[in-house]
Every structure is written in C-alpha cells, then in structure tokens.
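Enquirer: So here's my_file_3.txt (compact mmCIF, C-alpha atoms).
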# COMPACT_ATOMS: atom_id res chain seq x y z
CA MET Y 1 -7.21 -28.30 15.83
CA SER Y 2 -6.14 -31.43 13.91
CA ASN Y 3 -2.49 -32.09 12.94
CA GLN Y 4 -3.29 -31.30 9.31
CA GLN Y 5 -4.96 -28.03 10.29
CA GLY Y 6 -2.08 -27.22 12.61
CA ASN Y 7 0.51 -27.78 9.88
CA ARG Y 8 -1.51 -25.69 7.44
CA PHE Y 9 -1.80 -22.94 10.04
CA PHE Y 10 1.95 -23.02 10.69
CA PHE Y 11 3.01 -22.86 7.04
CA ASN Y 12 0.35 -20.45 5.73
CA VAL Y 13 0.83 -17.69 8.29
CA ASP Y 14 3.30 -15.03 7.17
CA TRP Y 15 5.91 -15.40 9.91
CA ILE Y 16 8.15 -12.73 8.37
CA THR Y 17 5.55 -10.05 9.19
CA ILE Y 18 5.13 -11.47 12.68
CA LEU Y 19 8.91 -11.28 13.22
CA LEU Y 20 8.84 -7.64 12.08
CA TYR Y 21 6.02 -7.01 14.55
CA VAL Y 22 7.97 -8.62 17.41
CA ALA Y 23 11.12 -6.67 16.48
CA LEU Y 24 9.29 -3.32 16.56
CA CYS Y 25 7.56 -4.19 19.85
CA THR Y 26 10.91 -5.15 21.38
CA ILE Y 27 12.45 -1.87 20.23
CA GLY Y 28 9.49 -0.14 21.85
CA VAL Y 29 9.94 -1.78 25.27
CA VAL Y 30 13.72 -1.15 25.28
CA ASN Y 31 13.36 2.53 24.36
CA ILE Y 32 10.45 3.14 26.72
CA TYR Y 33 12.75 1.89 29.49
CA ALA Y 34 15.45 4.29 28.25
CA SER Y 35 12.97 7.17 28.14
CA ILE Y 36 12.20 6.90 31.87
CA TYR Y 37 15.71 6.02 33.00
CA ASN Y 38 17.32 8.92 34.89
CA GLY Y 39 20.46 7.33 36.25
CA SER Y 40 18.85 6.28 39.52
CA THR Y 41 16.12 3.99 38.21
CA ALA Y 42 16.09 0.74 40.16
CA SER Y 43 17.63 -2.16 38.25
CA GLU Y 44 14.91 -4.57 39.44
CA PHE Y 45 12.15 -5.13 36.94
CA ASN Y 46 8.89 -3.48 37.99
CA PHE Y 47 5.53 -4.07 36.31
CA SER Y 48 4.17 -0.79 37.68
CA THR Y 49 6.51 1.26 35.49
CA SER Y 50 5.67 2.25 31.93
CA TYR Y 51 8.16 -0.24 30.43
CA GLY Y 52 6.77 -2.99 32.69
CA LYS Y 53 3.22 -2.21 31.60
CA GLN Y 54 4.31 -2.07 27.97
CA LEU Y 55 5.84 -5.53 28.27
CA ILE Y 56 2.49 -6.77 29.60
CA TYR Y 57 0.76 -5.08 26.66
CA VAL Y 58 3.15 -6.79 24.22
CA ILE Y 59 2.64 -10.23 25.78
CA THR Y 60 -1.15 -9.86 25.88
CA GLY Y 61 -0.99 -8.42 22.36
CA LEU Y 62 0.76 -11.56 21.12
CA ILE Y 63 -1.86 -13.70 22.86
CA LEU Y 64 -4.58 -11.59 21.26
CA GLY Y 65 -2.89 -11.79 17.85
CA PHE Y 66 -2.48 -15.57 17.88
CA SER Y 67 -6.07 -15.93 19.13
CA ILE Y 68 -7.17 -14.01 16.02
CA LEU Y 69 -5.18 -16.44 13.86
CA LEU Y 70 -7.24 -19.31 15.30
CA LEU Y 71 -10.57 -17.79 14.24
CA ASP Y 72 -12.39 -18.53 11.00
CA ALA Y 73 -11.33 -15.97 8.37
CA LYS Y 74 -14.95 -15.43 7.29
CA PHE Y 75 -15.77 -14.22 10.80
CA PHE Y 76 -14.28 -10.80 10.07
CA SER Y 77 -16.30 -10.23 6.93
CA ILE Y 78 -19.57 -11.49 8.42
CA PHE Y 79 -19.29 -9.52 11.65
CA SER Y 80 -17.65 -6.38 10.25
CA PRO Y 81 -20.88 -4.30 10.54
CA ILE Y 82 -21.21 -5.34 14.20
CA VAL Y 83 -17.56 -4.52 14.93
CA TYR Y 84 -17.98 -1.15 13.21
CA GLY Y 85 -21.18 -0.47 15.15
CA ILE Y 86 -19.57 -1.30 18.51
CA THR Y 87 -16.61 0.99 17.84
CA MET Y 88 -18.99 3.81 16.84
CA LEU Y 89 -20.94 3.32 20.09
CA LEU Y 90 -17.68 3.56 22.02
CA LEU Y 91 -16.88 6.82 20.21
CA VAL Y 92 -20.26 8.18 21.33
CA LEU Y 93 -19.78 6.82 24.86
CA VAL Y 94 -16.40 8.52 25.28
CA LEU Y 95 -18.10 11.88 24.64
CA VAL Y 96 -20.36 11.19 27.62
CA VAL Y 97 -18.19 9.42 30.20
CA GLY Y 98 -14.70 9.95 28.79
CA ARG Y 99 -11.79 11.40 30.70
CA LYS Y 100 -10.23 14.59 29.40
CA VAL Y 101 -6.45 14.42 28.96
CA GLY Y 102 -4.44 17.11 27.21
CA GLY Y 103 -7.58 18.91 26.07
CA ASN Y 104 -9.06 15.80 24.40
CA GLN Y 105 -11.94 13.77 25.81
CA ALA Y 106 -10.70 10.61 24.14
CA TRP Y 107 -10.30 7.99 26.91
CA ILE Y 108 -12.75 5.80 28.80
CA PRO Y 109 -11.39 5.02 32.30
CA LEU Y 110 -11.43 1.30 33.17
CA GLY Y 111 -9.77 1.15 36.58
CA SER Y 112 -6.07 1.91 36.11
CA PHE Y 113 -6.37 1.35 32.34
CA ARG Y 114 -7.66 3.92 29.85
CA LEU Y 115 -9.35 2.73 26.65
CA GLN Y 116 -9.07 4.95 23.59
CA PRO Y 117 -12.00 4.14 21.24
CA SER Y 118 -10.51 6.12 18.34
CA GLU Y 119 -7.76 3.48 18.09
CA LEU Y 120 -10.32 0.67 17.87
CA ALA Y 121 -12.35 2.60 15.30
CA LYS Y 122 -9.48 2.30 12.80
CA PHE Y 123 -9.75 -1.45 12.29
CA GLY Y 124 -13.55 -1.29 12.66
CA THR Y 125 -13.71 1.20 9.77
CA ALA Y 126 -11.20 -0.80 7.72
CA LEU Y 127 -13.32 -3.95 8.10
CA LEU Y 128 -16.59 -2.32 7.04
CA LEU Y 129 -14.99 -0.45 4.14
CA ALA Y 130 -13.49 -3.73 2.90
CA ARG Y 131 -16.87 -5.45 3.36
CA TYR Y 132 -18.67 -2.75 1.35
CA ILE Y 133 -16.22 -2.87 -1.56
CA GLY Y 134 -15.87 -6.65 -1.43
CA THR Y 135 -19.64 -7.26 -1.39
CA PHE Y 136 -20.96 -4.63 -3.80
CA SER Y 137 -17.88 -4.17 -6.03
CA PRO Y 138 -18.52 -0.44 -6.57
CA LYS Y 139 -16.59 1.15 -9.40
CA LEU Y 140 -15.91 4.25 -7.24
CA ARG Y 141 -16.47 6.40 -10.29
CA ASP Y 142 -20.08 7.39 -9.67
CA VAL Y 143 -21.39 9.67 -6.93
CA LYS Y 144 -23.46 6.94 -5.24
CA SER Y 145 -20.60 4.49 -4.64
CA ILE Y 146 -18.23 7.25 -3.51
CA PHE Y 147 -20.92 8.59 -1.17
CA PHE Y 148 -21.41 5.27 0.65
CA ALA Y 149 -17.66 4.75 1.02
CA ALA Y 150 -17.27 8.30 2.30
CA VAL Y 151 -20.04 7.87 4.88
CA ILE Y 152 -18.27 4.84 6.38
CA ILE Y 153 -15.16 6.99 6.87
CA ILE Y 154 -16.81 10.30 7.81
CA ILE Y 155 -18.92 8.97 10.71
CA PRO Y 156 -15.94 7.98 12.92
CA LEU Y 157 -13.98 11.02 11.68
CA PHE Y 158 -16.80 13.33 12.80
CA LEU Y 159 -17.17 11.65 16.21
CA ILE Y 160 -13.41 11.83 16.82
CA MET Y 161 -13.27 15.52 15.87
CA LEU Y 162 -15.94 16.16 18.54
CA GLN Y 163 -13.49 14.99 21.25
CA PRO Y 164 -11.62 16.95 19.71
CA ASP Y 165 -8.69 14.76 18.60
CA MET Y 166 -7.39 16.14 15.32
CA GLY Y 167 -4.43 13.73 15.20
CA SER Y 168 -6.52 10.56 15.32
CA GLY Y 169 -9.08 12.13 13.00
CA LEU Y 170 -6.51 12.89 10.30
CA VAL Y 171 -5.51 9.22 10.19
CA PHE Y 172 -8.90 8.39 8.69
CA LEU Y 173 -7.91 10.34 5.58
CA SER Y 174 -5.49 7.48 4.87
CA PHE Y 175 -8.47 5.41 3.66
CA MET Y 176 -8.31 7.41 0.43
CA PHE Y 177 -5.37 5.23 -0.67
CA PRO Y 178 -7.25 1.89 -0.56
CA LEU Y 179 -10.12 3.58 -2.40
CA TYR Y 180 -7.65 4.83 -5.02
CA ARG Y 181 -6.34 1.27 -5.43
CA GLU Y 182 -9.91 0.10 -6.05
CA GLY Y 183 -10.68 2.66 -8.75
CA LEU Y 184 -11.17 6.07 -7.13
CA SER Y 185 -10.08 8.77 -9.56
CA GLY Y 186 -6.64 10.24 -9.01
CA TYR Y 187 -8.26 13.66 -9.16
CA PHE Y 188 -9.47 13.13 -5.59
CA LEU Y 189 -5.89 12.67 -4.39
CA LEU Y 190 -4.87 15.80 -6.31
CA ILE Y 191 -7.75 17.71 -4.73
CA PHE Y 192 -6.68 16.46 -1.30
CA LEU Y 193 -3.08 17.59 -1.89
CA GLY Y 194 -4.37 20.87 -3.32
CA MET Y 195 -6.35 21.51 -0.14
CA ILE Y 196 -3.17 21.08 1.92
CA VAL Y 197 -1.27 23.48 -0.36
CA LEU Y 198 -4.08 26.05 -0.20
CA PHE Y 199 -4.27 25.70 3.57
CA ILE Y 200 -0.56 26.53 3.91
CA ALA Y 201 -0.70 29.25 1.25
CA ASP Y 202 -3.65 30.91 3.00
CA PHE Y 203 -1.34 31.68 5.93
CA LEU Y 204 1.75 32.67 3.96
CA VAL Y 205 0.28 34.63 1.02
CA PRO Y 206 -2.16 37.58 1.29
CA ILE Y 207 -5.65 36.74 0.02
CA GLU Y 208 -5.40 39.66 -2.45
CA ILE Y 209 -2.61 37.78 -4.25
CA LEU Y 210 -3.72 34.19 -3.66
CA LEU Y 211 -7.30 34.62 -4.92
CA PRO Y 212 -6.33 35.88 -8.43
CA ILE Y 213 -3.81 33.01 -8.72
CA VAL Y 214 -6.49 30.40 -7.92
CA LEU Y 215 -8.97 32.04 -10.31
CA ALA Y 216 -6.34 32.20 -13.06
CA ILE Y 217 -5.41 28.51 -12.71
CA GLY Y 218 -9.10 27.52 -12.60
CA GLY Y 219 -9.90 29.71 -15.59
CA LEU Y 220 -7.07 28.16 -17.59
CA PHE Y 221 -8.39 24.63 -16.97
CA ILE Y 222 -11.93 25.72 -17.88
CA TYR Y 223 -10.77 27.38 -21.11
CA GLN Y 224 -8.61 24.42 -22.19
CA ASN Y 225 -11.51 22.01 -21.69
CA ARG Y 226 -14.27 24.26 -23.04
CA ARG Y 227 -15.21 21.65 -25.65
CA LYS Y 228 -15.29 18.78 -23.17
CA GLN Y 229 -18.40 19.60 -21.21
CA LYS Y 230 -17.95 17.03 -18.46
CA ILE Y 231 -14.35 18.05 -17.69
CA MET Y 232 -15.20 21.75 -18.03
CA PHE Y 233 -18.10 21.40 -15.58
CA SER Y 234 -15.83 19.58 -13.10
CA SER Y 235 -13.21 22.33 -13.45
CA ILE Y 236 -15.82 24.97 -12.68
CA ILE Y 237 -16.94 23.11 -9.55
CA VAL Y 238 -13.36 22.61 -8.33
CA THR Y 239 -12.56 26.30 -8.91
CA VAL Y 240 -15.65 27.45 -7.00
CA VAL Y 241 -14.92 25.04 -4.14
CA ALA Y 242 -11.29 26.25 -4.02
CA VAL Y 243 -12.38 29.88 -3.73
CA LEU Y 244 -14.88 29.04 -0.98
CA TYR Y 245 -12.21 26.95 0.74
CA LEU Y 246 -9.85 29.93 0.85
CA PHE Y 247 -12.41 32.01 2.70
CA THR Y 248 -13.42 29.26 5.13
CA VAL Y 249 -9.95 27.97 6.07
CA LYS Y 250 -9.25 30.76 8.54
CA LEU Y 251 -12.75 30.51 10.02
CA ALA Y 252 -12.43 26.75 10.51
CA TYR Y 253 -8.92 27.25 11.86
CA GLU Y 254 -10.17 29.64 14.52
CA LYS Y 255 -13.28 27.67 15.50
CA LEU Y 256 -12.23 23.99 15.29
CA LEU Y 257 -8.66 23.87 16.56
CA GLU Y 258 -7.49 24.15 20.15
CA PRO Y 259 -5.15 27.08 20.96
CA HIS Y 260 -2.12 24.80 21.38
CA GLN Y 261 -2.83 23.15 18.01
CA LYS Y 262 -3.01 26.53 16.26
CA THR Y 263 0.25 27.59 17.89
CA ARG Y 264 2.01 24.44 16.71
CA ILE Y 265 0.88 25.02 13.10
CA GLU Y 266 2.03 28.65 13.23
CA ILE Y 267 5.42 27.60 14.61
CA MET Y 268 5.87 25.00 11.86
CA LEU Y 269 5.00 27.58 9.18
CA GLY Y 270 7.49 30.04 10.69
CA LEU Y 271 4.79 32.53 11.68
CA LYS Y 272 5.65 32.32 15.35
CA THR Y 273 8.57 31.33 17.55
CA ASP Y 274 7.96 29.93 21.02
CA PRO Y 275 11.08 28.04 22.15
CA LYS Y 276 9.93 27.89 25.77
CA GLY Y 277 6.29 27.06 25.03
CA ALA Y 278 4.59 25.13 22.25
CA GLY Y 279 7.82 24.83 20.24
CA TYR Y 280 9.81 23.42 23.16
CA ASN Y 281 8.99 19.75 22.46
CA VAL Y 282 10.13 19.86 18.85
CA ILE Y 283 13.29 21.86 19.60
CA GLN Y 284 14.37 19.42 22.30
CA SER Y 285 13.45 16.46 20.11
CA LYS Y 286 15.57 17.77 17.23
CA ILE Y 287 18.47 18.39 19.61
CA ALA Y 288 18.18 14.82 20.93
CA ILE Y 289 18.07 13.24 17.46
CA GLY Y 290 20.90 15.43 16.15
CA SER Y 291 23.14 14.68 19.13
CA GLY Y 292 22.96 10.97 18.33
CA GLN Y 293 25.01 11.50 15.13
CA LEU Y 294 25.94 8.26 13.36
CA THR Y 295 25.85 5.55 16.04
CA GLY Y 296 24.25 7.32 19.01
CA ARG Y 297 25.38 8.13 22.52
CA GLY Y 298 24.73 4.57 23.66
CA PHE Y 299 21.96 2.78 25.52
CA LEU Y 300 20.92 4.79 28.63
CA GLU Y 301 23.58 7.41 27.84
CA GLY Y 302 21.37 10.03 26.18
CA THR Y 303 21.43 13.26 28.18
CA GLN Y 304 18.30 14.74 26.60
CA THR Y 305 16.52 11.47 27.33
CA LYS Y 306 18.00 10.73 30.75
CA TYR Y 307 17.21 14.16 32.20
CA GLY Y 308 13.72 14.43 30.71
CA TYR Y 309 14.23 17.40 28.41
CA VAL Y 310 11.80 15.99 25.84
CA PRO Y 311 8.19 15.81 27.13
CA GLU Y 312 6.02 12.82 26.22
CA GLN Y 313 9.17 10.91 25.32
CA SER Y 314 7.73 7.44 25.90
CA THR Y 315 4.67 8.14 23.74
CA ASP Y 316 4.55 10.72 20.94
CA PHE Y 317 8.29 11.52 20.97
CA ILE Y 318 9.73 8.03 21.44
CA PHE Y 319 11.61 8.40 18.13
CA SER Y 320 13.83 11.09 19.73
CA THR Y 321 15.05 8.49 22.23
CA ILE Y 322 15.97 6.16 19.36
CA GLY Y 323 17.75 9.00 17.58
CA GLU Y 324 19.78 10.10 20.57
CA GLU Y 325 20.85 6.73 21.95
CA TRP Y 326 21.13 4.74 18.71
CA GLY Y 327 21.93 7.54 16.26
CA PHE Y 328 21.38 7.52 12.50
CA ALA Y 329 21.98 3.76 12.46
CA GLY Y 330 19.13 3.18 14.91
CA CYS Y 331 16.77 5.56 13.10
CA PHE Y 332 17.62 3.93 9.77
CA THR Y 333 16.99 0.47 11.21
CA VAL Y 334 13.57 1.42 12.62
CA ILE Y 335 12.49 3.14 9.40
CA ALA Y 336 13.77 0.18 7.37
CA LEU Y 337 11.71 -2.23 9.50
CA TYR Y 338 8.60 -0.13 8.85
CA ILE Y 339 9.28 0.06 5.12
CA PHE Y 340 9.86 -3.69 5.00
CA MET Y 341 6.59 -4.29 6.88
CA LEU Y 342 4.64 -1.92 4.62
CA LEU Y 343 6.03 -3.46 1.43
CA ARG Y 344 5.34 -6.91 2.84
CA VAL Y 345 1.71 -6.07 3.65
CA ILE Y 346 1.15 -4.51 0.22
CA ASN Y 347 2.71 -7.54 -1.46
CA LEU Y 348 0.46 -9.85 0.56
CA ALA Y 349 -2.57 -7.69 -0.25
CA GLU Y 350 -1.90 -7.97 -3.98
CA ARG Y 351 -1.88 -11.77 -3.88
CA GLN Y 352 -5.30 -12.04 -2.24
CA ARG Y 353 -8.07 -13.80 -4.16
CA SER Y 354 -10.71 -11.97 -2.15
CA THR Y 355 -11.48 -8.27 -2.74
CA PHE Y 356 -12.37 -7.99 0.95
CA SER Y 357 -8.91 -9.21 1.98
CA ARG Y 358 -7.11 -7.04 -0.57
CA VAL Y 359 -8.91 -3.85 0.45
CA TYR Y 360 -8.39 -4.60 4.13
CA GLY Y 361 -4.67 -5.20 3.51
CA TYR Y 362 -4.31 -1.82 1.84
CA CYS Y 363 -6.17 -0.22 4.75
CA VAL Y 364 -3.65 -1.77 7.15
CA ALA Y 365 -0.68 -0.49 5.13
CA SER Y 366 -2.20 2.99 4.76
CA ILE Y 367 -2.97 3.40 8.47
CA ILE Y 368 0.50 2.26 9.55
CA PHE Y 369 2.17 4.48 6.92
CA PHE Y 370 0.16 7.53 8.00
CA HIS Y 371 1.09 6.99 11.66
CA VAL Y 372 4.78 6.46 10.96
CA PHE Y 373 5.06 9.41 8.57
CA ILE Y 374 3.25 11.86 10.85
CA ASN Y 375 4.88 10.72 14.10
CA ILE Y 376 8.45 10.84 12.77
CA GLY Y 377 7.62 14.07 10.94
CA MET Y 378 6.54 15.60 14.27
CA THR Y 379 9.77 14.67 16.03
CA ILE Y 380 11.97 16.25 13.35
CA GLY Y 381 9.79 19.36 12.99
CA ILE Y 382 8.39 19.01 9.46
CA ILE Y 383 4.81 18.31 10.60
CA PRO Y 384 2.82 20.03 13.38
CA VAL Y 385 2.66 18.16 16.68
CA ILE Y 386 -0.78 16.53 16.60
CA GLY Y 387 -0.16 13.67 19.00
CA ILE Y 388 -0.37 10.25 17.39
CA PRO Y 389 1.71 7.21 18.46
CA LEU Y 390 4.49 5.44 16.59
CA PRO Y 391 3.01 2.00 15.77
CA PHE Y 392 4.15 -0.89 17.99
CA ILE Y 393 6.82 1.31 19.65
CA SER Y 394 5.07 4.13 21.54
CA TYR Y 395 3.83 3.42 25.06
CA GLY Y 396 0.13 2.63 25.36
CA GLY Y 397 -2.12 -0.40 25.58
CA SER Y 398 -4.95 0.87 23.38
CA SER Y 399 -2.53 1.81 20.62
CA LEU Y 400 -0.53 -1.42 20.69
CA TRP Y 401 -3.57 -3.68 20.89
CA SER Y 402 -5.42 -1.87 18.12
CA PHE Y 403 -2.41 -2.09 15.79
CA THR Y 404 -1.99 -5.75 16.77
CA VAL Y 405 -5.62 -6.54 15.95
CA LEU Y 406 -5.39 -4.50 12.74
CA LEU Y 407 -2.32 -6.42 11.56
CA PHE Y 408 -3.19 -9.92 12.74
CA ILE Y 409 -6.67 -9.84 11.18
CA PHE Y 410 -4.96 -9.33 7.83
CA LEU Y 411 -2.43 -12.08 8.56
CA LYS Y 412 -5.38 -14.40 9.24
CA LEU Y 413 -7.08 -13.39 5.99
CA ASP Y 414 -3.83 -13.95 4.11
CA SER Y 415 -3.25 -17.38 5.70
CA ASN Y 416 -6.65 -18.45 4.41
CA ARG Y 417 -6.42 -16.71 1.02
CA MET Y 418 -6.95 -19.93 -0.96
CA GLY Y 419 -10.21 -20.64 0.80
CA PHE Y 420 -11.61 -17.12 1.28
CA ILE Y 421 -13.39 -15.86 -1.81
Have the structure of the file written as structure tokens, please.

Expert:
Amino acid sequence: MSNQQGNRFFFNVDWITILLYVALCTIGVVNIYASIYNGSTASEFNFSTSYGKQLIYVITGLILGFSILLLDAKFFSIFSPIVYGITMLLLVLVLVVGRKVGGNQAWIPLGSFRLQPSELAKFGTALLLARYIGTFSPKLRDVKSIFFAAVIIIIPLFLIMLQPDMGSGLVFLSFMFPLYREGLSGYFLLIFLGMIVLFIADFLVPIEILLPIVLAIGGLFIYQNRRKQKIMFSSIIVTVVAVLYLFTVKLAYEKLLEPHQKTRIEIMLGLKTDPKGAGYNVIQSKIAIGSGQLTGRGFLEGTQTKYGYVPEQSTDFIFSTIGEEWGFAGCFTVIALYIFMLLRVINLAERQRSTFSRVYGYCVASIIFFHVFINIGMTIGIIPVIGIPLPFISYGGSSLWSFTVLLFIFLKLDSNRMGFI
C-alpha cells in the first residue's frame, strides 16, 4: 500500500464506528469475566476460560476486520453470490454433520471450536440482497421483484428452521426494513405486525369472538374501497389470508416449535407459570437487573451473577450481568452505545453513492437492531426466550466474528464510497 493509499485509508474509514465496536467488545469481555466469577476464580489470566477465549475472539476479530478494510470494495459485490452459496452449503452441511446443543442442530464441530453457519448466513444474505437490488434496481412494487427478493431471504430462513433454530430464523425477518427503504409497500410491514397481533390474540381470545372481529374489519375495508377495484381485491385477499392464518397458527405452533419454546411463549403471555422450570431464567434475570438499581452492586459484587442463579449468563443473558453490577447507568450506557452505532450506520448508509452499499448498510443496521431488541427484551421478560446473542458482547466466536465481518464490510464500502458506483 502506497503512502497516498495509506493516508486515504486512514482518513476515509469511519473510526467512530470502530471505536463503538471496540467499546462494546471490551464491555463483553469484562462482563463475561464477571459472569463466571464466583469469588474463588483464580486471579491469573487463563486463555482456557470463556473470558480468555472471548479476548482471543476479539483480537482475531479485529485482525479479520482490518483485513477486510484492505480488500477492494468491489470484491464484495462481485463475489456476493459465491459467499451466499457457501453459507447456504454450510447450512445444509450442519443438518448432516452438525452437533445438537439445546435441541438445535446448529453447530459444526471443528476441534474445540464450534462453527454456527446461521451466523455467517446473515452477512451472506445481506450481500446477495444488496447485489440483487443494486444490479437490477427493482421497484419492489410488482410481484416478480418482491418474489426474487423474498427467495433470497426465505432459503436460509427455511434451512435454519430445519435445525430448528427459531431465534436465528426470526432475525431474517429484519431484511424487510431494507426492502421497505428501497420501495417495498408499507402494507407489508402492517401485514407483518398484524400477523404478530393475530398470533397473540389467537391464544388470548376465543376463536368464536376473534373470527367475527377479523371478518368485520376486513369487510369494512372491502366496503370502503368497493369502487377501487385494485384496493378492494387486495383487501379481500388479506382478509382471506387472515382467516386462514387464524386456523393454522395453533397447528403450526404445535408442529414446528419445540416444547420448551412453546412453554416460554405461554409464560410470556401469562397462560402458564413455571418459576422453577422454563420461567426460571427470566425471573432470575429480572431479579438481577432490578437489584442493580441506579449504579449497580459493583464489579464482581453481583450475588445473582456470582452464585450462578441466571443460566446462560455469559451468552444469551449477559445483559443481566450488566444490569446487576453496573445498574441503570450501565444498562443506559450499553443501550446508548447501540443506538449511537445504529444511527451512525444508517447515516453512513444514506450518504452512499452506490445502491449496493446503501442496501447493505441498512441490512447491517436492521440485523444489529433485531438482535439487540430481542436479546434485551428476553432478559427483561417482554419477549419469549428464543436464544440469540447480544451483538459484540455475548460470548461466542461465531457470533462475534460474523457481526465483525458484517460491520467491517460496510465500513469498507463506506470508505470507498466515492469510487464505488
């Protein structure tokens, strides 16, 4: 790299986002250490522990990230179909040779390390989706363009649900937001939200009451738009689909979800209480976060954390450690760092000259937002426990590296925005 190229590289890269990345990774290592500390943990640093391994993952992640920054920006657009294809092959391979952990066959054993292909599939899907929209400039208003975009998302979603890993699968729904930014009708987002509402209502309201309500709302839309044939026809289709959805929700619920996943949903909806079973994690997590109050109990002073009351505390429930030991101030700081990163990524995405880069940037922001919202929502009991990591903070090499690659690819695209068209 010449001096001129080196200077351009140094000034064009968004170092603010990199500093946010380093800050979150540092918070992760510190709190992973706290999550395994029990008062008798040896003070000597040990690479065989989870915090030691996480530090290795962070260091190698930084090496991986800066290696990405040295590549040609056009590499990611040109090779996006190959990257997507490789990640899909890994999703098929894990169904054959994968190791089953927690009821999900989602990991490929590689010695002492376990690779989770569903994490890699996120940036693979983001790249191909950005390539499709950037190359063909679909208006996302006709059935054909929506179909091709949906296929790119549905293939990995389907393969992940075969594991079955509902948590990782749900993250792929976040790709609706980049599509919305590129012209997808807002009706699709309303339909998506409506499906969530109907899913919840199907458990809380008897079908004898819920069905007439759905038919009445659908009939009202059809009547109001009776002179607008296109809108009226769409209203009829949505109403029919909604009615069919009501009758298939329970069937899909019984057939597709694992028993522990169904129990968690029922507990969240207040249909079941199981303080010593499936609801134990969330109860202990809420106790830990609540006990932190304003400034926390102090580093390594959290009793819920120190004595291991919260299961999976270094992975899915790492936020409870932050809440207990650092209190509201610590939780606020972490959430503020995420918000700052998300706003930063969106701002960078909007200044891109390339459609490919802009779409990919929105994919990055959407994936990170979905993970943060669901993970923190799990720990405070407003979302069912579906087991997805907190980006850059939760323990795990596959997770950290995939988020690192996801983010640093966009930082590379942004650093070359004046030359990538």

Enquirer: What separation in Å, quoted to one decimal, exists between atom CA of Val29 of chain Y and atom CA of Tyr57 of chain Y?

Expert: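 One can read the atom CA of Val29 of chain Y to atom CA of Tyr57 of chain Y distance as 9.9 Å.
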
Enquirer: Would you mind listing what lies within 9 Å of Thr315 of chain Y as number ranges by chain, with all atoms listed in the file counted and same-chain residues fewer than 2 positions away left out?

Expert: Y: 32, 312-313, 317-319, 387-390, 393-396

Enquirer: Would you save the residues of that selection, restricted to C-alpha atoms, as a PDB file, in the coordinates of the input?

Expert:
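Saved to part-v2.pdb:
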ATOM      1  CA  ILE Y  32      10.450   3.140  26.720  1.00  0.00           C
ATOM      2  CA  GLU Y 312       6.020  12.820  26.220  1.00  0.00           C
ATOM      3  CA  GLN Y 313       9.170  10.910  25.320  1.00  0.00           C
ATOM      4  CA  PHE Y 317       8.290  11.520  20.970  1.00  0.00           C
ATOM      5  CA  ILE Y 318       9.730   8.030  21.440  1.00  0.00           C
ATOM      6  CA  PHE Y 319      11.610   8.400  18.130  1.00  0.00           C
ATOM      7  CA  GLY Y 387      -0.160  13.670  19.000  1.00  0.00           C
ATOM      8  CA  ILE Y 388      -0.370  10.250  17.390  1.00  0.00           C
ATOM      9  CA  PRO Y 389       1.710   7.210  18.460  1.00  0.00           C
ATOM     10  CA  LEU Y 390       4.490   5.440  16.590  1.00  0.00           C
ATOM     11  CA  ILE Y 393       6.820   1.310  19.650  1.00  0.00           C
ATOM     12  CA  SER Y 394       5.070   4.130  21.540  1.00  0.00           C
ATOM     13  CA  TYR Y 395       3.830   3.420  25.060  1.00  0.00           C
ATOM     14  CA  GLY Y 396       0.130   2.630  25.360  1.00  0.00           C
TER      15      GLY Y 396
END

Enquirer: Would you kindly return, as a list in words, each protein, DNA or RNA residue with an atom no farther than 9 Å from any atom of Ile108 of chain Y, considering only C-alpha atoms and excluding same-chain residues fewer than 6 positions away?

Expert: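 Residues near the query, excluding close chain neighbours: Leu90, Leu93, Val94, Val97, Gly98, Arg99, Arg114, Leu115, Gln116 and Pro117 of chain Y.
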
Enquirer: May I have the residues within 12 Å of Lys412 of chain Y as a ChimeraX atom specification, using all atoms listed in the file and disregarding those fewer than 2 positions away in the same chain?

Expert: /Y:9-10,12-15,17-18,65-77,348-349,352,357,360-361,404-410,414-420

Enquirer: For Gly302 of chain Y, work out the shell of residues within 8 Å, counting all atoms listed in the file and skipping chain neighbours fewer than 6 positions away, then give it as a short mmCIF file (atom, residue, chain, number, x, y, z; two decimals) with C-alpha atoms, in the coordinates of the input.

Expert:
data_model
loop_
_atom_site.label_atom_id
_atom_site.label_comp_id
_atom_site.auth_asym_id
_atom_site.auth_seq_id
_atom_site.Cartn_x
_atom_site.Cartn_y
_atom_site.Cartn_z
CA ALA Y 288 18.18 14.82 20.93
CA THR Y 321 15.05 8.49 22.23
CA GLU Y 324 19.78 10.10 20.57
CA GLU Y 325 20.85 6.73 21.95
#

Enquirer: Kindly give the distance, in Å, that separates atom CA of Leu413 of chain Y and atom CA of Arg353 of chain Y, rounded to a single decimal.

Expert: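 One can read the atom CA of Leu413 of chain Y to atom CA of Arg353 of chain Y distance as 10.2 Å.
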
Enquirer: Find the distance between atom CA of Gly298 of chain Y and atom CA of Val385 of chain Y and write it in Å to one decimal.

Expert: 26.8 Å

Enquirer: Wanna dump the segment 272-377 of chain Y-segment 167-188 of chain Y contacts at 7 Å for me, each residue with its shortest atom pair and the distance in Å to one decimal, counting all atoms listed in the file, ordered by chain and number, as CSV?

Expert:
residue,atom,partner,partner_atom,distance
Y:Val359,CA,Y:Pro178,CA,6.1
Y:Tyr362,CA,Y:Pro178,CA,5.3
Y:Cys363,CA,Y:Pro178,CA,5.8
Y:Ser366,CA,Y:Ser174,CA,5.6
Y:Ile367,CA,Y:Ser174,CA,6.0
Y:Phe370,CA,Y:Val171,CA,6.3

Enquirer: Gly381 of chain Y: which residues within 9 Å, counting only C-alpha atoms, same-chain residues fewer than 2 positions away excluded, as a list in words?

Expert: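 The neighbour list is Met268, Val282, Ile283, Ser285, Lys286, Ile376, Gly377, Met378, Thr379, Ile383, Pro384 and Val385 of chain Y.
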
Enquirer: Could you tell me which of Y:Gly61, Y:Asn31, Y:Leu24, Y:Ser235 comes closest to Ser320 of chain Y if we count all atoms listed in the file?

Expert: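 The answer is Y:Asn31, which sits nearest to Ser320 of chain Y.
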
Enquirer: Can you write out as JSON lines which residues of segment 147-192 of chain Y fall within 7 Å of segment 120-138 of chain Y, alongside each residue's closest atom pair and its distance in Å to one decimal, counting all atoms listed in the file and ordering rows by chain and ascending residue number?

Expert:
{"residue": "Y:Ala149", "atom": "CA", "partner": "Y:Leu129", "partner_atom": "CA", "distance": 6.6}
{"residue": "Y:Ile152", "atom": "CA", "partner": "Y:Leu129", "partner_atom": "CA", "distance": 6.6}
{"residue": "Y:Ile153", "atom": "CA", "partner": "Y:Thr125", "partner_atom": "CA", "distance": 6.6}
{"residue": "Y:Pro156", "atom": "CA", "partner": "Y:Ala121", "partner_atom": "CA", "distance": 6.9}

Enquirer: Taking all atoms listed in the file into account, name the residue in Y:Ile213, Y:Leu343, Y:Leu220, Y:Cys331 that is nearest to Met232 of chain Y.

Expert: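 Once distances to Met232 of chain Y are computed over all atoms listed in the file, the minimum belongs to Y:Leu220.
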
Enquirer: From the list Y:Val58, Y:Val214, Y:Ile146, Y:Met166, which residue is nearest Ala106 of chain Y when using only C-alpha atoms?

Expert: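 Residue with the minimum atom-to-atom distance to Ala106 of chain Y: Y:Met166.
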
Enquirer: Kindly indicate which residue among Y:Lys250, Y:Tyr280, Y:Ile217, Y:Ile209 lies nearest to Lys262 of chain Y, using all atoms listed in the file for the distances.

Expert: Y:Lys250
